[in-house]
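Here is the file work_10.pdb (PDB, C-alpha atoms).
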```pdb
ATOM      1  CA  MET P1463      -6.249   2.355   0.169
ATOM      2  CA  ARG P1464      -3.998   1.468  -2.707
ATOM      3  CA  SER P1465      -1.545  -0.800  -1.677
ATOM      4  CA  PRO P1466       1.673  -1.338  -0.581
ATOM      5  CA  PRO P1467       5.458  -2.440  -0.023
ATOM      6  CA  PRO P1468       9.941  -2.354  -0.380
ATOM      7  CA  CYS P1469       6.482  -2.877  -0.499
ATOM      8  CA  GLN P1470       6.267  -6.620  -1.197
ATOM      9  CA  ALA P1471       3.112  -6.632   0.826
ATOM     10  CA  THR P1472       1.277  -3.586  -0.682
ATOM     11  CA  ILE P1473      -0.500  -3.146  -0.023
ATOM     12  CA  LEU P1474       1.142  -0.788  -2.162
ATOM     13  CA  GLY P1475      -0.489   0.406  -1.757
ATOM     14  CA  VAL P1476      -2.486   0.596   1.744
ATOM     15  CA  ASN P1477      -7.407   2.693   0.882
ATOM     16  CA  ASP P1478     -18.022   4.954   7.669
ATOM     17  CA  ARG P1479     -18.685   6.269  10.688
ATOM     18  CA  SER P1480     -21.258   5.412  13.373
ATOM     19  CA  THR P1481     -18.484   5.030  15.886
ATOM     20  CA  PRO P1482     -15.349   7.150  16.150
ATOM     21  CA  PRO P1483     -12.436   6.302  13.853
ATOM     22  CA  PRO P1484      -9.438   4.453  15.280
ATOM     23  CA  PRO P1485      -7.797   6.613  17.936
ATOM     24  CA  GLU P1486      -4.723   8.597  17.008
ATOM     25  CA  VAL P1487      -1.521   6.714  17.687
ATOM     26  CA  PRO P1488       2.065   7.865  18.118
ATOM     27  CA  SER P1489       4.068   8.604  15.013
ATOM     28  CA  ALA P1490       5.719   5.605  13.398
ATOM     29  CA  ALA P1491       8.986   7.356  14.053
ATOM     30  CA  THR P1492       8.578   6.786  17.772
ATOM     31  CA  SER P1493       9.777   3.580  19.345
ATOM     32  CA  ALA P1494       7.329   0.704  19.449
ATOM     33  CA  PRO P1495       5.606  -0.062  22.754
ATOM     34  CA  GLN P1496       6.908  -3.010  24.712
ATOM     35  CA  LEU P1497       4.829  -6.074  23.969
ATOM     36  CA  PRO P1498       4.011  -8.566  26.681
ATOM     37  CA  ALA P1499       5.458 -12.032  26.401
ATOM     38  CA  HIS P1500       3.699 -14.262  23.938
ATOM     39  CA  PRO P1501       1.632 -16.958  25.676
ATOM     40  CA  HIS P1502       3.618 -20.182  25.817
ATOM     41  CA  ASN P1503       0.611 -22.385  25.147
ATOM     42  CA  GLU P1504      -0.421 -20.635  21.955
ATOM     43  CA  THR P1505       0.381 -22.252  18.655
ATOM     44  CA  ALA P1506       1.589 -20.212  15.707
ATOM     45  CA  PRO P1507      -1.217 -20.184  13.107
ATOM     46  CA  TRP P1508      -0.342 -19.659   9.472
ATOM     47  CA  ALA P1509      -1.341 -16.590   7.509
ATOM     48  CA  ALA P1510      -3.670 -17.098   4.551
ATOM     49  CA  PRO P1511      -2.040 -17.277   1.104
ATOM     50  CA  VAL P1512      -2.053 -14.233  -1.173
ATOM     51  CA  THR P1513      -5.013 -14.398  -3.561
ATOM     52  CA  HIS P1514      -5.422 -10.774  -4.743
ATOM     53  CA  TYR P1515      -3.928  -9.543  -8.013
ATOM     54  CA  GLU P1516      -0.770  -7.523  -7.295
ATOM     55  CA  ASN P1517       1.733  -5.704  -9.501
ATOM     56  CA  PHE P1518       4.664  -7.330  -7.706
ATOM     57  CA  PRO P1519       5.587 -10.491  -5.819
ATOM     58  CA  VAL P1520       4.354 -10.923  -2.237
ATOM     59  CA  ALA P1521       6.292 -13.375  -0.050
ATOM     60  CA  SER P1522       7.443 -15.169  -3.202
ATOM     61  CA  VAL P1523      10.104 -17.840  -3.577
ATOM     62  CA  LEU P1524      12.641 -15.000  -3.699
ATOM     63  CA  CYS P1525      11.669 -13.956  -0.191
ATOM     64  CA  PRO P1526      13.888 -15.393   2.579
ATOM     65  CA  PRO P1527      11.999 -18.545   3.669
ATOM     66  CA  HIS P1528      11.974 -17.643   7.361
ATOM     67  CA  LEU P1529      10.255 -14.317   6.534
ATOM     68  CA  ARG P1530       7.532 -15.597   4.195
ATOM     69  CA  GLN P1531       5.021 -16.190   6.975
ATOM     70  CA  PRO P1532       5.733 -12.893   8.796
ATOM     71  CA  ILE P1533       5.348 -10.979   5.524
ATOM     72  CA  ALA P1534       2.172 -12.900   4.661
ATOM     73  CA  ALA P1535       0.750 -12.046   8.105
ATOM     74  CA  ILE P1536       1.437  -8.328   7.597
ATOM     75  CA  TYR P1537       0.014  -8.481   4.086
ATOM     76  CA  GLY P1538      -3.127 -10.242   5.361
ATOM     77  CA  PHE P1539      -3.625  -7.568   8.021
ATOM     78  CA  ALA P1540      -3.298  -4.724   5.519
ATOM     79  CA  ARG P1541      -5.282  -6.374   2.730
ATOM     80  CA  THR P1542      -8.214  -7.232   5.003
ATOM     81  CA  ALA P1543      -8.358  -3.675   6.339
ATOM     82  CA  ASP P1544      -8.154  -2.327   2.783
ATOM     83  CA  ASP P1545     -11.082  -4.548   1.789
ATOM     84  CA  ILE P1546     -13.107  -3.264   4.763
ATOM     85  CA  ALA P1547     -12.573   0.255   3.470
ATOM     86  CA  ASP P1548     -12.981  -0.522  -0.252
ATOM     87  CA  GLU P1549     -15.028  -3.594  -1.061
ATOM     88  CA  GLY P1550     -18.773  -4.221  -1.146
ATOM     89  CA  ASP P1551     -21.665  -1.801  -0.731
ATOM     90  CA  ALA P1552     -21.540  -1.032   2.991
ATOM     91  CA  PRO P1553     -22.259   2.592   3.962
ATOM     92  CA  ALA P1554     -19.456   4.777   5.247
ATOM     93  CA  ALA P1555     -20.678   4.587   8.836
ATOM     94  CA  ASP P1556     -20.466   0.782   8.820
ATOM     95  CA  ARG P1557     -17.011   0.807   7.247
ATOM     96  CA  LEU P1558     -15.663   3.208   9.870
ATOM     97  CA  ALA P1559     -17.252   1.182  12.645
ATOM     98  CA  ASP P1560     -15.606  -1.983  11.295
ATOM     99  CA  LEU P1561     -12.230  -0.240  11.026
ATOM    100  CA  ALA P1562     -12.570   0.936  14.626
ATOM    101  CA  ALA P1563     -13.314  -2.654  15.699
ATOM    102  CA  TYR P1564     -10.368  -3.855  13.621
ATOM    103  CA  HIS P1565      -8.136  -1.312  15.351
ATOM    104  CA  ALA P1566      -9.389  -2.572  18.723
ATOM    105  CA  ASP P1567      -8.365  -6.105  17.751
ATOM    106  CA  LEU P1568      -4.900  -4.829  16.785
ATOM    107  CA  MET P1569      -4.485  -3.201  20.185
ATOM    108  CA  ALA P1570      -5.741  -6.361  21.905
ATOM    109  CA  VAL P1571      -3.294  -8.733  20.247
ATOM    110  CA  ALA P1572      -0.470  -6.240  20.781
ATOM    111  CA  GLN P1573      -1.142  -6.598  24.507
ATOM    112  CA  GLY P1574      -1.186 -10.385  24.329
ATOM    113  CA  GLN P1575      -4.979 -10.656  24.463
ATOM    114  CA  PRO P1576      -7.097 -12.747  22.073
ATOM    115  CA  PRO P1577      -8.766 -11.004  19.127
ATOM    116  CA  SER P1578     -12.466 -11.095  18.449
ATOM    117  CA  PRO P1579     -13.641 -14.173  16.502
ATOM    118  CA  ARG P1580     -14.509 -12.059  13.454
ATOM    119  CA  TRP P1581     -10.920 -11.580  12.250
ATOM    120  CA  ALA P1582      -9.153 -14.295  14.217
ATOM    121  CA  SER P1583      -7.662 -15.750  11.022
ATOM    122  CA  VAL P1584      -5.908 -12.411  10.451
ATOM    123  CA  PHE P1585      -4.923 -11.465  13.978
ATOM    124  CA  LEU P1586      -3.714 -14.791  15.357
ATOM    125  CA  PRO P1587      -0.913 -15.077  12.754
ATOM    126  CA  LEU P1588      -0.196 -11.370  13.194
ATOM    127  CA  GLN P1589      -0.012 -11.757  16.981
ATOM    128  CA  THR P1590       2.659 -14.414  16.573
ATOM    129  CA  VAL P1591       4.715 -12.090  14.344
ATOM    130  CA  LEU P1592       4.177  -9.080  16.609
ATOM    131  CA  HIS P1593       5.780 -10.915  19.486
ATOM    132  CA  SER P1594       8.409 -12.961  17.671
ATOM    133  CA  HIS P1595       9.730 -10.025  15.630
ATOM    134  CA  ARG P1596       8.823  -7.092  17.904
ATOM    135  CA  LEU P1597       6.964  -5.263  15.155
ATOM    136  CA  PRO P1598       6.349  -1.536  15.793
ATOM    137  CA  VAL P1599       2.596  -1.389  16.408
ATOM    138  CA  PRO P1600       2.258   2.327  15.468
ATOM    139  CA  LEU P1601       3.216   1.463  11.898
ATOM    140  CA  LEU P1602       0.254  -0.930  11.643
ATOM    141  CA  ALA P1603      -2.054   1.640  13.232
ATOM    142  CA  ASP P1604      -0.926   4.244  10.677
ATOM    143  CA  LEU P1605      -2.277   1.993   7.927
ATOM    144  CA  LEU P1606      -5.694   1.912   9.586
ATOM    145  CA  SER P1607      -5.651   5.697   9.899
ATOM    146  CA  ALA P1608      -5.124   5.970   6.137
ATOM    147  CA  PHE P1609      -7.915   3.487   5.383
ATOM    148  CA  ALA P1610     -10.317   5.462   7.564
ATOM    149  CA  GLN P1611      -9.302   8.646   5.727
ATOM    150  CA  ASP P1612     -10.117   6.944   2.429
ATOM    151  CA  VAL P1613     -13.611   6.156   3.654
ATOM    152  CA  GLU P1614     -14.168   9.682   4.947
ATOM    153  CA  LYS P1615     -12.963  11.382   1.760
ATOM    154  CA  THR P1616     -15.121   9.117  -0.385
ATOM    155  CA  ARG P1617     -18.125   9.773   1.852
ATOM    156  CA  ASP P1618     -17.595  13.530   1.589
ATOM    157  CA  ALA P1619     -16.732  13.484  -2.155
ATOM    158  CA  GLU P1620     -13.468  15.204  -1.245
ATOM    159  CA  GLY P1621     -10.172  14.801  -3.048
ATOM    160  CA  TYR P1622      -6.683  16.112  -2.319
ATOM    161  CA  ALA P1623      -5.750  19.780  -2.553
ATOM    162  CA  ASP P1624      -2.134  19.313  -3.606
ATOM    163  CA  ARG P1625       0.773  16.902  -3.709
ATOM    164  CA  ALA P1626       1.781  17.642  -0.119
ATOM    165  CA  GLU P1627      -1.615  16.446   1.147
ATOM    166  CA  LEU P1628      -1.468  13.337  -1.012
ATOM    167  CA  LEU P1629       2.063  12.579   0.183
ATOM    168  CA  ASP P1630       0.873  12.761   3.790
ATOM    169  CA  TYR P1631      -1.679  10.095   2.923
ATOM    170  CA  CYS P1632       1.065   7.960   1.323
ATOM    171  CA  ARG P1633       3.161   8.400   4.471
ATOM    172  CA  ARG P1634       0.480   6.460   6.368
ATOM    173  CA  SER P1635      -1.010   4.246   3.651
ATOM    174  CA  ALA P1636       2.161   2.874   2.065
ATOM    175  CA  ASN P1637       5.397   3.897   3.746
ATOM    176  CA  PRO P1638       4.742   1.959   6.989
ATOM    177  CA  VAL P1639       4.820  -1.305   5.072
ATOM    178  CA  GLY P1640       8.334  -0.612   3.848
ATOM    179  CA  HIS P1641       9.456   0.213   7.382
ATOM    180  CA  LEU P1642       7.918  -3.024   8.654
ATOM    181  CA  LEU P1643       9.742  -5.054   6.046
ATOM    182  CA  LEU P1644      13.046  -3.353   6.711
ATOM    183  CA  HIS P1645      12.467  -4.109  10.393
ATOM    184  CA  LEU P1646      12.115  -7.805   9.515
ATOM    185  CA  TYR P1647      15.282  -7.671   7.402
ATOM    186  CA  GLY P1648      17.192  -5.956  10.204
ATOM    187  CA  VAL P1649      17.920  -2.879   8.052
ATOM    188  CA  THR P1650      17.638   0.306  10.117
ATOM    189  CA  ASP P1651      19.900   2.997   8.638
ATOM    190  CA  ALA P1652      18.322   6.341   7.764
ATOM    191  CA  GLN P1653      19.178   6.275   4.056
ATOM    192  CA  ALA P1654      17.553   2.867   3.608
ATOM    193  CA  LEU P1655      14.400   4.120   5.333
ATOM    194  CA  GLN P1656      14.295   7.188   3.077
ATOM    195  CA  GLU P1657      14.726   5.057  -0.036
ATOM    196  CA  SER P1658      12.039   2.687   1.193
ATOM    197  CA  ASP P1659       9.668   5.639   1.630
ATOM    198  CA  ALA P1660      10.402   6.764  -1.932
ATOM    199  CA  ILE P1661       9.639   3.289  -3.319
ATOM    200  CA  CYS P1662       6.473   2.819  -1.280
ATOM    201  CA  THR P1663       5.181   6.293  -2.118
ATOM    202  CA  ALA P1664       5.897   5.603  -5.786
ATOM    203  CA  LEU P1665       3.998   2.306  -5.653
ATOM    204  CA  GLN P1666       1.033   4.045  -4.035
ATOM    205  CA  LEU P1667       1.025   6.794  -6.670
ATOM    206  CA  ILE P1668       1.385   4.232  -9.457
ATOM    207  CA  ASN P1669      -1.630   2.396  -8.089
ATOM    208  CA  PHE P1670      -3.618   5.640  -8.184
ATOM    209  CA  TRP P1671      -2.770   6.347 -11.828
ATOM    210  CA  GLN P1672      -3.362   2.698 -12.768
ATOM    211  CA  ASP P1673      -6.818   2.682 -11.131
ATOM    212  CA  LEU P1674      -8.293   5.976 -12.355
ATOM    213  CA  SER P1675     -10.970   4.142 -14.366
ATOM    214  CA  VAL P1676     -12.002   2.246 -11.207
ATOM    215  CA  ASP P1677     -11.558   4.892  -8.523
ATOM    216  CA  ILE P1678     -13.232   7.921 -10.111
ATOM    217  CA  PRO P1679     -16.606   6.196 -10.677
ATOM    218  CA  ARG P1680     -16.463   5.057  -7.033
ATOM    219  CA  GLY P1681     -15.938   8.603  -5.801
ATOM    220  CA  ARG P1682     -12.223   8.291  -5.049
ATOM    221  CA  HIS P1683     -10.265  11.266  -6.334
ATOM    222  CA  TYR P1684      -6.479  11.177  -6.032
ATOM    223  CA  LEU P1685      -5.461  13.601  -8.796
ATOM    224  CA  PRO P1686      -4.494  16.703  -6.763
ATOM    225  CA  ARG P1687      -6.637  19.762  -7.462
ATOM    226  CA  ALA P1688      -3.542  21.961  -7.823
ATOM    227  CA  ASP P1689      -2.208  19.672 -10.572
ATOM    228  CA  CYS P1690      -5.580  19.644 -12.306
ATOM    229  CA  ALA P1691      -5.619  23.456 -12.301
ATOM    230  CA  ALA P1692      -2.007  23.688 -13.500
ATOM    231  CA  HIS P1693      -2.826  21.560 -16.566
ATOM    232  CA  GLY P1694      -6.253  23.094 -17.199
ATOM    233  CA  ALA P1695      -7.988  19.777 -16.582
ATOM    234  CA  CYS P1696     -11.739  20.123 -16.310
ATOM    235  CA  GLN P1697     -13.393  18.358 -13.379
ATOM    236  CA  ALA P1698     -16.422  17.445 -15.488
ATOM    237  CA  GLU P1699     -14.219  15.867 -18.160
ATOM    238  CA  LEU P1700     -12.336  13.855 -15.544
ATOM    239  CA  LEU P1701     -15.563  12.633 -13.975
ATOM    240  CA  ALA P1702     -16.738  11.603 -17.441
ATOM    241  CA  LEU P1703     -13.423   9.712 -17.915
ATOM    242  CA  ARG P1704     -12.622  11.607 -21.128
ATOM    243  CA  SER P1705      -9.045  11.676 -22.439
ATOM    244  CA  THR P1706      -8.796  15.346 -23.381
ATOM    245  CA  PRO P1707      -5.394  16.904 -24.195
ATOM    246  CA  GLU P1708      -5.433  18.569 -20.765
ATOM    247  CA  ASN P1709      -6.174  15.301 -19.013
ATOM    248  CA  VAL P1710      -3.431  13.542 -20.967
ATOM    249  CA  ARG P1711      -0.900  16.154 -19.821
ATOM    250  CA  LEU P1712      -2.149  15.843 -16.238
ATOM    251  CA  ILE P1713      -1.843  12.055 -16.103
ATOM    252  CA  THR P1714       1.512  12.083 -17.907
ATOM    253  CA  ASP P1715       2.897  14.553 -15.378
ATOM    254  CA  CYS P1716       1.566  12.541 -12.432
ATOM    255  CA  ALA P1717       3.127   9.384 -13.882
ATOM    256  CA  ARG P1718       6.421  11.256 -14.240
ATOM    257  CA  TRP P1719       6.191  12.229 -10.559
ATOM    258  CA  ALA P1720       5.734   8.589  -9.546
ATOM    259  CA  ARG P1721       8.626   7.464 -11.764
ATOM    260  CA  ALA P1722      10.955  10.052 -10.230
ATOM    261  CA  SER P1723      10.084   8.843  -6.732
ATOM    262  CA  MET P1724      10.757   5.234  -7.733
ATOM    263  CA  GLN P1725      14.132   6.154  -9.196
ATOM    264  CA  ILE P1726      15.093   7.906  -5.954
ATOM    265  CA  GLY P1727      14.326   4.762  -3.970
ATOM    266  CA  ALA P1728      15.718   2.182  -6.413
ATOM    267  CA  PRO P1729      19.253   2.060  -4.889
ATOM    268  CA  LEU P1730      17.682   0.287  -1.913
ATOM    269  CA  VAL P1731      17.786  -2.953  -3.917
ATOM    270  CA  HIS P1732      21.537  -3.052  -3.312
ATOM    271  CA  ARG P1733      21.162  -2.542   0.443
ATOM    272  CA  LEU P1734      18.934  -5.523   1.155
ATOM    273  CA  PRO P1735      20.625  -8.864   1.693
ATOM    274  CA  GLY P1736      20.373 -11.833  -0.666
ATOM    275  CA  ARG P1737      16.938 -12.863  -1.891
ATOM    276  CA  ALA P1738      15.228  -9.829  -0.372
ATOM    277  CA  GLY P1739      17.184  -7.517  -2.653
ATOM    278  CA  TRP P1740      16.236  -9.575  -5.707
ATOM    279  CA  GLU P1741      12.556  -9.576  -4.784
ATOM    280  CA  LEU P1742      12.687  -5.813  -4.339
ATOM    281  CA  ARG P1743      14.152  -5.502  -7.838
ATOM    282  CA  LEU P1744      10.980  -7.097  -9.184
ATOM    283  CA  VAL P1745       8.840  -4.827  -6.994
ATOM    284  CA  VAL P1746      10.544  -1.760  -8.456
ATOM    285  CA  GLN P1747      10.344  -3.067 -12.002
ATOM    286  CA  GLY P1748       6.694  -4.019 -11.579
ATOM    287  CA  GLY P1749       5.840  -0.446 -10.661
ATOM    288  CA  LEU P1750       7.883   0.979 -13.514
ATOM    289  CA  ARG P1751       6.288  -1.443 -15.983
ATOM    290  CA  ILE P1752       2.820  -0.257 -14.969
ATOM    291  CA  LEU P1753       3.999   3.326 -15.559
ATOM    292  CA  ASP P1754       5.148   2.279 -19.038
ATOM    293  CA  LYS P1755       1.615   1.098 -19.708
ATOM    294  CA  VAL P1756       0.053   4.257 -18.248
ATOM    295  CA  ASP P1757       2.269   6.377 -20.505
ATOM    296  CA  ALA P1758       1.481   4.232 -23.551
ATOM    297  CA  LEU P1759      -2.257   4.734 -23.023
ATOM    298  CA  LYS P1760      -1.776   8.530 -23.305
ATOM    299  CA  GLY P1761      -4.502   9.352 -20.822
ATOM    300  CA  GLY P1762      -6.420   6.184 -21.595
ATOM    301  CA  SER P1763      -6.028   4.946 -18.019
ATOM    302  CA  LEU P1764      -9.116   7.070 -17.380
ATOM    303  CA  HIS P1765     -11.125   4.320 -19.061
ATOM    304  CA  THR P1766      -8.726   1.325 -19.261
ATOM    305  CA  ARG P1767      -6.933  -0.250 -16.304
ATOM    306  CA  PRO P1768      -3.436  -1.411 -17.314
ATOM    307  CA  ARG P1769      -2.381  -4.767 -15.922
ATOM    308  CA  LEU P1770       0.706  -6.937 -15.982
ATOM    309  CA  HIS P1771       0.705 -10.075 -18.135
ATOM    310  CA  ALA P1772       3.110 -12.974 -18.608
ATOM    311  CA  TRP P1773       5.296 -11.125 -21.120
ATOM    312  CA  ASP P1774       5.595  -8.160 -18.767
ATOM    313  CA  TRP P1775       7.106 -10.406 -16.091
ATOM    314  CA  CYS P1776       9.779 -11.461 -18.603
ATOM    315  CA  VAL P1777      10.548  -7.790 -19.274
ATOM    316  CA  MET P1778      10.626  -7.058 -15.530
ATOM    317  CA  LEU P1779      12.995  -9.945 -14.889
ATOM    318  CA  GLY P1780      15.372  -8.806 -17.619
ATOM    319  CA  ARG P1781      15.413  -5.267 -16.271
ATOM    320  CA  ALA P1782      15.856  -6.506 -12.712
ATOM    321  CA  LEU P1783      18.978  -8.444 -13.723
ATOM    322  CA  VAL P1784      20.745  -5.278 -14.913
ATOM    323  CA  MET P1785      19.782  -2.928 -12.075
TER
END
```

Go ahead and express the file in the form of structure tokens.
Amino acid sequence: MRSPPPCQATILGVNDRSTPPPPEVPSAATSAPQLPAHPHNETAPWAAPVTHYENFPVASVLCPPHLRQPIAAIYGFARTADDIADEGDAPAADRLADLAAYHADLMAVAQGQPPSPRWASVFLPLQTVLHSHRLPVPLLADLLSAFAQDVEKTRDAEGYADRAELLDYCRRSANPVGHLLLHLYGVTDAQALQESDAICTALQLINFWQDLSVDIPRGRHYLPRADCAAHGACQAELLALRSTPENVRLITDCARWARASMQIGAPLVHRLPGRAGWELRLVVQGGLRILDKVDALKGGSLHTRPRLHAWDWCVMLGRALVM
């Protein structure tokens, strides 16, 4: 998956099978199951600090202090699952088996049971947050569904037919993180949720277009086939990571799509209270700054991965101040 959140915990994104994939869970739109009372004798372990490179702040000093640990616990859950799906050389069957076991641990801690020792450092902090903040468990399970889909599509060398199919993936790989964060902030109105979805989807798409040079050699294909056909992009040229005029038009149009989604969601920064709104401003500007770099490369993101540097954070901060 390409991660995450207001996707402070992207997991943006969000990204093999000897045992069945995690079982289907109710839609995130349904109400969360009632969680049993948290054991009184259990201490509240701390989530591990963020160590991965991200395009935006995760539980930074701008985050409300009382929410830093809950957000870090959600981030740790999503990032670990993403690494199961993405990192190392394990075959698809092993990855899917691990994701199924990971899903079983999620269901266990949701019911107040201890997790397996393997991921205790992830699930014990998450269990505390699940019970203290009544997190909707289906949202977390949706993330695992998307990670399993990533593994399956890579295994089968299968991409996405069109934007609608890719957006359905984003609905499970990225949008749940925004809903979880809004749940922590106590923001529940429909317009805020829609704007959050637009931001999280944009961040996921931006991550795709940023990572073309990494994903395509690994067999991950996120450029929709319908878009490739519309721009006359040749599959062989894309696989060879060549910046042909057709490929430049394709990537430019996909970047424009992501930018439009981000602009739809951007008003959410004014709906979140205090520090949370300011952190989200940097999340939005981080995504837009990456798009600036994708556009400047003129198709070169097929062979060069744009990244944020110190000067970019100054630019982001300036833009955030005038949003």

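Every protein, DNA or RNA residue with an atom at most 9 Å from range 1563-1569 of chain P, where all atoms listed in the file count and chain neighbours fewer than 4 positions away do not, is listed here: Pro1483, Pro1484, Pro1485, Ala1543, Leu1558, Ala1559, Gln1573, Gly1574, Gln1575, Pro1576, Pro1577, Ser1578, Trp1581, Ala1582, Phe1585, Leu1588, Gln1589, Val1599, Leu1602, Ala1603 and Leu1606 of chain P.
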
**Q.** Residue members of the PyMOL selection byres ((chain P and resi 1727) around 10) in the file shown, as a PyMOL selection string
**A.** chain P and resi 1468+1653-1664+1722-1726+1728-1731+1746

Q. Nearest to Pro1526 in chain P: which of P:Glu1741, P:Glu1708, P:Asp1548, P:Asp1612 is it, counting all atoms listed in the file?
A. P:Glu1741

Write out as a Markdown table a residue-level contact list of range 1624-1680 of chain P versus range 1594-1598 of chain P with cut-off 10 Å: for each qualifying residue the closest pair of atoms and the distance in Å to one decimal, counting all atoms listed in the file, rows sorted by chain and residue number upward.
```
| residue | atom | partner | partner_atom | distance |
| --- | --- | --- | --- | --- |
| P:Pro1638 | CA | P:Pro1598 | CA | 9.6 |
| P:His1641 | CA | P:Pro1598 | CA | 9.1 |
| P:Leu1642 | CA | P:Leu1597 | CA | 6.9 |
| P:Leu1643 | CA | P:Leu1597 | CA | 9.5 |
| P:His1645 | CA | P:Leu1597 | CA | 7.4 |
| P:Leu1646 | CA | P:His1595 | CA | 6.9 |
```

For the residues in the current selection, export C-alpha atoms as a short mmCIF file (atom, residue, chain, number, x, y, z; two decimals), keeping the file's coordinate frame.
```cif
data_model
loop_
_atom_site.label_atom_id
_atom_site.label_comp_id
_atom_site.auth_asym_id
_atom_site.auth_seq_id
_atom_site.Cartn_x
_atom_site.Cartn_y
_atom_site.Cartn_z
CA PRO P 1638 4.74 1.96 6.99
CA HIS P 1641 9.46 0.21 7.38
CA LEU P 1642 7.92 -3.02 8.65
CA LEU P 1643 9.74 -5.05 6.05
CA HIS P 1645 12.47 -4.11 10.39
CA LEU P 1646 12.12 -7.80 9.52
#
```

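Interatomic distance, CA of Asp1560 in chain P against CA of Ile1546 in chain P: 7.1 Å.
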
Each residue of range 1589-1677 of chain P lying at most 12 Å from range 1687-1702 of chain P should get a row with its shortest atom-to-atom pair and the distance in Å to one decimal, counting only C-alpha atoms; could you produce that, ordered by chain and increasing number, as a Markdown table?
```
| residue | atom | partner | partner_atom | distance |
| --- | --- | --- | --- | --- |
| P:Ala1619 | CA | P:Leu1701 | CA | 11.9 |
| P:Glu1620 | CA | P:Arg1687 | CA | 10.3 |
| P:Gly1621 | CA | P:Arg1687 | CA | 7.5 |
| P:Tyr1622 | CA | P:Arg1687 | CA | 6.3 |
| P:Ala1623 | CA | P:Arg1687 | CA | 5.0 |
| P:Asp1624 | CA | P:Ala1688 | CA | 5.2 |
| P:Arg1625 | CA | P:Ala1688 | CA | 7.8 |
| P:Ala1626 | CA | P:Ala1688 | CA | 10.3 |
| P:Glu1627 | CA | P:Arg1687 | CA | 10.5 |
| P:Leu1628 | CA | P:Arg1687 | CA | 10.5 |
| P:Leu1674 | CA | P:Leu1700 | CA | 9.4 |
| P:Ser1675 | CA | P:Leu1701 | CA | 9.7 |
| P:Val1676 | CA | P:Leu1701 | CA | 11.3 |
| P:Asp1677 | CA | P:Leu1701 | CA | 10.3 |
```

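When all atoms listed in the file are used to measure the gap to Leu1592 in chain P, the shortest distance among P:Pro1532, P:Ala1555, P:Cys1776, P:Arg1633 belongs to P:Pro1532.
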
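Distance check against Leu1665 in chain P using all atoms listed in the file: of P:His1593, P:Arg1721, P:Arg1530, P:Arg1704, the minimum falls on P:Arg1721.
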
Q | Atom pair CA of His1528 in chain P / CA of Ala1608 in chain P: separation (Å) | A | 29.2 Å

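Here CA of Leu1561 in chain P and CA of Val1584 in chain P stand 13.7 Å from one another.
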
Q) For Ile1752 in chain P, which residue out of P:Leu1734, P:Ile1678, P:Ile1668, P:Leu1685 is the nearest one, using only C-alpha atoms? A) P:Ile1668
